[in-house]
Amino acid sequence: MDALAGLLEGPRARGAFMIRACFEPPWSLRIEDRAPLTVMLMVRGHAWIMPEDGERVRLRAGDLAIARGPDPYTCADDPSTVPQAVILPNQVCTYPDGRSLKGRMDLGVRTWGARIDGSMVMLIGTYPMHGEVSGRLLDALPALLTLPSDVWECPLTPLIMEEIVRDEPGQEVVLDRLLDLLVIAALRAWFSRPEAEAPAWYQALADPVVGRVLRLLQDDPAHPWTVASLAAKAGVSRAALARRFSELVGEPPMTYLTGWRLALAADRLRGTEDTLEAIARHVGYGSAFALSSAFKRVYGVSPQEHRTRAA
């Protein structure tokens, strides 16, 4: 598993919210849905994205923005336009005074706004849940990142525009996978840019020694790895590996492996009904008791408590 795949490998998009928004100026939306990740792809016209803290950005046709929650932000045709609607968790929409907007701005299948022929069209995809595996990457993202069309070209736009308005069996699964592809393509382009400030462990993947070890740990966390066995795989001494790994990643190999195993366990507790014993074997612990002890030490709650809270 590579670093970008880690973002979506746990809670991949499952019933993610995707919509085509169509507006004619003046328009403004206050977003308070607390979603961990929202993708906005401009198809036509322009929009201003204004976070609570940080600089506002203007999106033009072909530009993409990713907002990392849970902080609120505003989308509008102009920074001076007063919000006309508020988007709350679970896609609840209200007027600014709290009155329900349910159904009043529906324009057809997964299409929402004021006018279907509006001069502004934006594709929006929202991930409603946050997994522990993806947290390592999400924590490395700014509250709002943008990719202008002059630095990347999205080949998925025509396909998403075609699929988002279809109402056929299995369509939600098709859109989930398209959203995954869009996010991975965007983040791959983002992390290739100098201003991205990728996390240390992500940059370390390019190192011929540490990168190989990171991939071994990520691909097979259940293996009984030791510093000695990892060093042998990498073709260096144990001391050299320990020093180089700590310098580039910021923590020793076994500490990284523990964090990775527990993150995988946390995600399986959220997303599956597997027993604790089965999860322990899957992530490299000899027993449910051993996993439970390590999990509570790091997360502060038992695996069962973690699963209950997620539910």
# chains A, B, ... in the order shown; residues from 1 in each chain; ligands from 1
$ residues_around --residues "region 208-216 of chain A" --least-positions-apart "6" --cutoff "10 Å" --atoms "only C-alpha atoms" --output "list in words"
Met1, Asp2, Ala3, Trp201, Tyr202, His223, Trp225, Val227, Leu230, Ala231, Lys233, Ala234, Gly235, Val236, Ala240, Leu241, Ala242, Arg244, Phe245, Ser246, Glu247, Leu248, Val249, Pro253, Tyr256 and Leu257 of chain A
$ closest_residue --among "A:Leu291, A:Leu276, A:Ala232, A:Leu101" --to "Gly259 (chain A)" --atoms "only C-alpha atoms"
A:Leu291
$ closest_residue --among "A:Ala265, A:Ala114, A:Leu159, A:Met40" --to "Ala288 (chain A)" --atoms "only C-alpha atoms"
A:Ala265
$ atom_distance --atom1 "CA of Thr38 (chain A)" --atom2 "CA of Ala206 (chain A)"
28.1 Å
$ residues_around --residues "Pro148 (chain A)" --least-positions-apart "4" --cutoff "12 Å" --atoms "only C-alpha atoms" --output "list in words"
Met40, Leu41, Met42, His46, Val57, Arg58, Leu59, Arg60, Ala61, Gly62, Asp63, Leu64, Ala65, Ile66, Trp152, Glu153, Cys154, Ala186, Ala189, Trp190 and Arg193 of chain A
$ atom_distance --atom1 "CA of Leu88 (chain A)" --atom2 "CA of Pro36 (chain A)"
13.1 Å
$ atom_distance --atom1 "CA of Gln203 (chain A)" --atom2 "CA of Tyr299 (chain A)"
26.1 Å
$ residues_around --residues "Leu107 (chain A)" --least-positions-apart "6" --cutoff "9 Å" --atoms "only C-alpha atoms" --output "number ranges by chain"
A: 22, 113-116
$ write_last_selection --atoms "N, CA, C and O atoms" --output "mmCIF file, in the first residue's frame"
data_model
loop_
_atom_site.group_PDB
_atom_site.id
_atom_site.type_symbol
_atom_site.label_atom_id
_atom_site.label_comp_id
_atom_site.auth_asym_id
_atom_site.auth_seq_id
_atom_site.Cartn_x
_atom_site.Cartn_y
_atom_site.Cartn_z
ATOM 1 N N CYS A 22 -25.730 24.104 -9.282
ATOM 2 C CA CYS A 22 -25.936 25.034 -10.395
ATOM 3 C C CYS A 22 -26.550 26.335 -9.861
ATOM 4 O O CYS A 22 -27.640 26.305 -9.273
ATOM 5 N N GLY A 113 -29.589 23.552 -6.542
ATOM 6 C CA GLY A 113 -29.239 24.949 -6.706
ATOM 7 C C GLY A 113 -30.423 25.809 -7.046
ATOM 8 O O GLY A 113 -31.564 25.530 -6.618
ATOM 9 N N ALA A 114 -30.171 26.842 -7.850
ATOM 10 C CA ALA A 114 -31.208 27.798 -8.197
ATOM 11 C C ALA A 114 -31.687 27.631 -9.637
ATOM 12 O O ALA A 114 -32.879 27.731 -9.924
ATOM 13 N N ARG A 115 -30.728 27.392 -10.557
ATOM 14 C CA ARG A 115 -31.084 27.261 -11.977
ATOM 15 C C ARG A 115 -30.206 26.204 -12.622
ATOM 16 O O ARG A 115 -28.982 26.278 -12.549
ATOM 17 N N ILE A 116 -30.844 25.245 -13.278
ATOM 18 C CA ILE A 116 -30.077 24.174 -13.904
ATOM 19 C C ILE A 116 -29.217 24.695 -15.048
ATOM 20 O O ILE A 116 -28.211 24.096 -15.427
#
$ residues_around --residues "Glu172 (chain A)" --least-positions-apart "4" --cutoff "12 Å" --atoms "only C-alpha atoms" --output "list of chain:residue names"
A:Ala13, A:Arg14, A:Gly15, A:Ala16, A:Phe17, A:Met18, A:Ile19, A:Val109, A:Arg110, A:Gly125, A:Glu163, A:Ile164, A:Val165, A:Arg166, A:Asp167, A:Glu168, A:Asp176, A:Arg177, A:Leu178, A:Leu179
$ select_by_dssp --residues "region 77-294 of chain A" --states "strand (DSSP E or B)" --output "list of chain:residue names"
A:Ala85, A:Val86, A:Ile87, A:Leu88, A:Val92, A:Cys93, A:Thr94, A:Ser100, A:Asp106, A:Leu107, A:Gly108, A:Thr111, A:Trp112, A:Gly113, A:Met120, A:Val121, A:Met122, A:Leu123, A:Ile124, A:Gly125, A:Thr126, A:Tyr127, A:Leu144, A:Leu145, A:Thr146, A:Leu147
$ write_last_selection --atoms "N, CA, C and O atoms" --output "short mmCIF file (atom, residue, chain, number, x, y, z; two decimals), in the first residue's frame"
data_model
loop_
_atom_site.label_atom_id
_atom_site.label_comp_id
_atom_site.auth_asym_id
_atom_site.auth_seq_id
_atom_site.Cartn_x
_atom_site.Cartn_y
_atom_site.Cartn_z
N ALA A 85 -28.10 30.07 2.20
CA ALA A 85 -28.42 28.74 2.72
C ALA A 85 -27.25 28.26 3.58
O ALA A 85 -26.10 28.70 3.41
N VAL A 86 -27.56 27.33 4.50
CA VAL A 86 -26.55 26.73 5.38
C VAL A 86 -26.60 25.22 5.20
O VAL A 86 -27.68 24.63 5.27
N ILE A 87 -25.44 24.61 4.96
CA ILE A 87 -25.35 23.15 4.80
C ILE A 87 -24.83 22.57 6.11
O ILE A 87 -23.71 22.84 6.52
N LEU A 88 -25.65 21.74 6.75
CA LEU A 88 -25.33 21.14 8.04
C LEU A 88 -24.97 19.66 7.87
O LEU A 88 -25.07 19.12 6.76
N VAL A 92 -28.24 18.19 5.67
CA VAL A 92 -29.39 18.99 6.07
C VAL A 92 -29.17 20.42 5.60
O VAL A 92 -28.13 21.02 5.87
N CYS A 93 -30.14 20.98 4.89
CA CYS A 93 -30.02 22.33 4.34
C CYS A 93 -31.09 23.23 4.95
O CYS A 93 -32.26 22.85 5.02
N THR A 94 -30.68 24.42 5.39
CA THR A 94 -31.62 25.36 5.97
C THR A 94 -31.36 26.76 5.42
O THR A 94 -30.30 27.05 4.86
N SER A 100 -36.19 25.03 7.31
CA SER A 100 -35.75 23.95 6.44
C SER A 100 -35.83 24.34 4.97
O SER A 100 -36.77 25.01 4.54
N ASP A 106 -33.97 21.42 -5.13
CA ASP A 106 -33.70 20.25 -5.95
C ASP A 106 -34.00 20.55 -7.42
O ASP A 106 -35.06 21.08 -7.75
N LEU A 107 -33.06 20.17 -8.29
CA LEU A 107 -33.20 20.44 -9.72
C LEU A 107 -33.18 19.17 -10.57
O LEU A 107 -33.10 19.24 -11.79
N GLY A 108 -33.24 18.03 -9.92
CA GLY A 108 -33.18 16.76 -10.65
C GLY A 108 -32.24 15.80 -9.95
O GLY A 108 -31.84 16.00 -8.80
N THR A 111 -28.74 16.97 -8.57
CA THR A 111 -28.54 18.33 -9.06
C THR A 111 -29.28 19.27 -8.13
O THR A 111 -30.46 19.04 -7.81
N TRP A 112 -28.60 20.33 -7.71
CA TRP A 112 -29.13 21.18 -6.65
C TRP A 112 -28.73 22.61 -6.92
O TRP A 112 -27.67 22.89 -7.47
N GLY A 113 -29.59 23.55 -6.54
CA GLY A 113 -29.24 24.95 -6.71
C GLY A 113 -30.42 25.81 -7.05
O GLY A 113 -31.56 25.53 -6.62
N MET A 120 -22.91 29.15 -13.17
CA MET A 120 -21.95 28.46 -12.32
C MET A 120 -22.37 27.01 -12.14
O MET A 120 -23.49 26.72 -11.73
N VAL A 121 -21.47 26.10 -12.47
CA VAL A 121 -21.69 24.67 -12.24
C VAL A 121 -20.47 24.11 -11.52
O VAL A 121 -19.34 24.30 -11.97
N MET A 122 -20.70 23.45 -10.40
CA MET A 122 -19.63 22.87 -9.60
C MET A 122 -19.98 21.44 -9.23
O MET A 122 -21.11 21.16 -8.82
N LEU A 123 -19.02 20.52 -9.38
CA LEU A 123 -19.18 19.15 -8.90
C LEU A 123 -18.63 19.08 -7.49
O LEU A 123 -17.51 19.50 -7.23
N ILE A 124 -19.42 18.53 -6.57
CA ILE A 124 -19.03 18.47 -5.16
C ILE A 124 -19.10 17.03 -4.68
O ILE A 124 -20.11 16.34 -4.89
N GLY A 125 -18.04 16.57 -4.06
CA GLY A 125 -18.00 15.23 -3.47
C GLY A 125 -17.54 15.31 -2.04
O GLY A 125 -16.54 15.97 -1.74
N THR A 126 -18.27 14.67 -1.13
CA THR A 126 -17.98 14.77 0.30
C THR A 126 -17.84 13.39 0.92
O THR A 126 -18.69 12.53 0.73
N TYR A 127 -16.75 13.22 1.67
CA TYR A 127 -16.56 12.00 2.46
C TYR A 127 -17.15 12.23 3.84
O TYR A 127 -16.69 13.11 4.57
N LEU A 144 -7.44 24.26 3.32
CA LEU A 144 -7.97 24.42 1.97
C LEU A 144 -6.82 24.40 0.99
O LEU A 144 -5.90 25.22 1.09
N LEU A 145 -6.84 23.44 0.07
CA LEU A 145 -5.82 23.41 -0.98
C LEU A 145 -6.50 23.55 -2.33
O LEU A 145 -7.65 23.15 -2.51
N THR A 146 -5.79 24.15 -3.26
CA THR A 146 -6.36 24.35 -4.59
C THR A 146 -5.37 23.91 -5.66
O THR A 146 -4.16 24.00 -5.48
N LEU A 147 -5.94 23.44 -6.76
CA LEU A 147 -5.16 23.07 -7.94
C LEU A 147 -5.74 23.82 -9.13
O LEU A 147 -6.81 23.47 -9.63
#
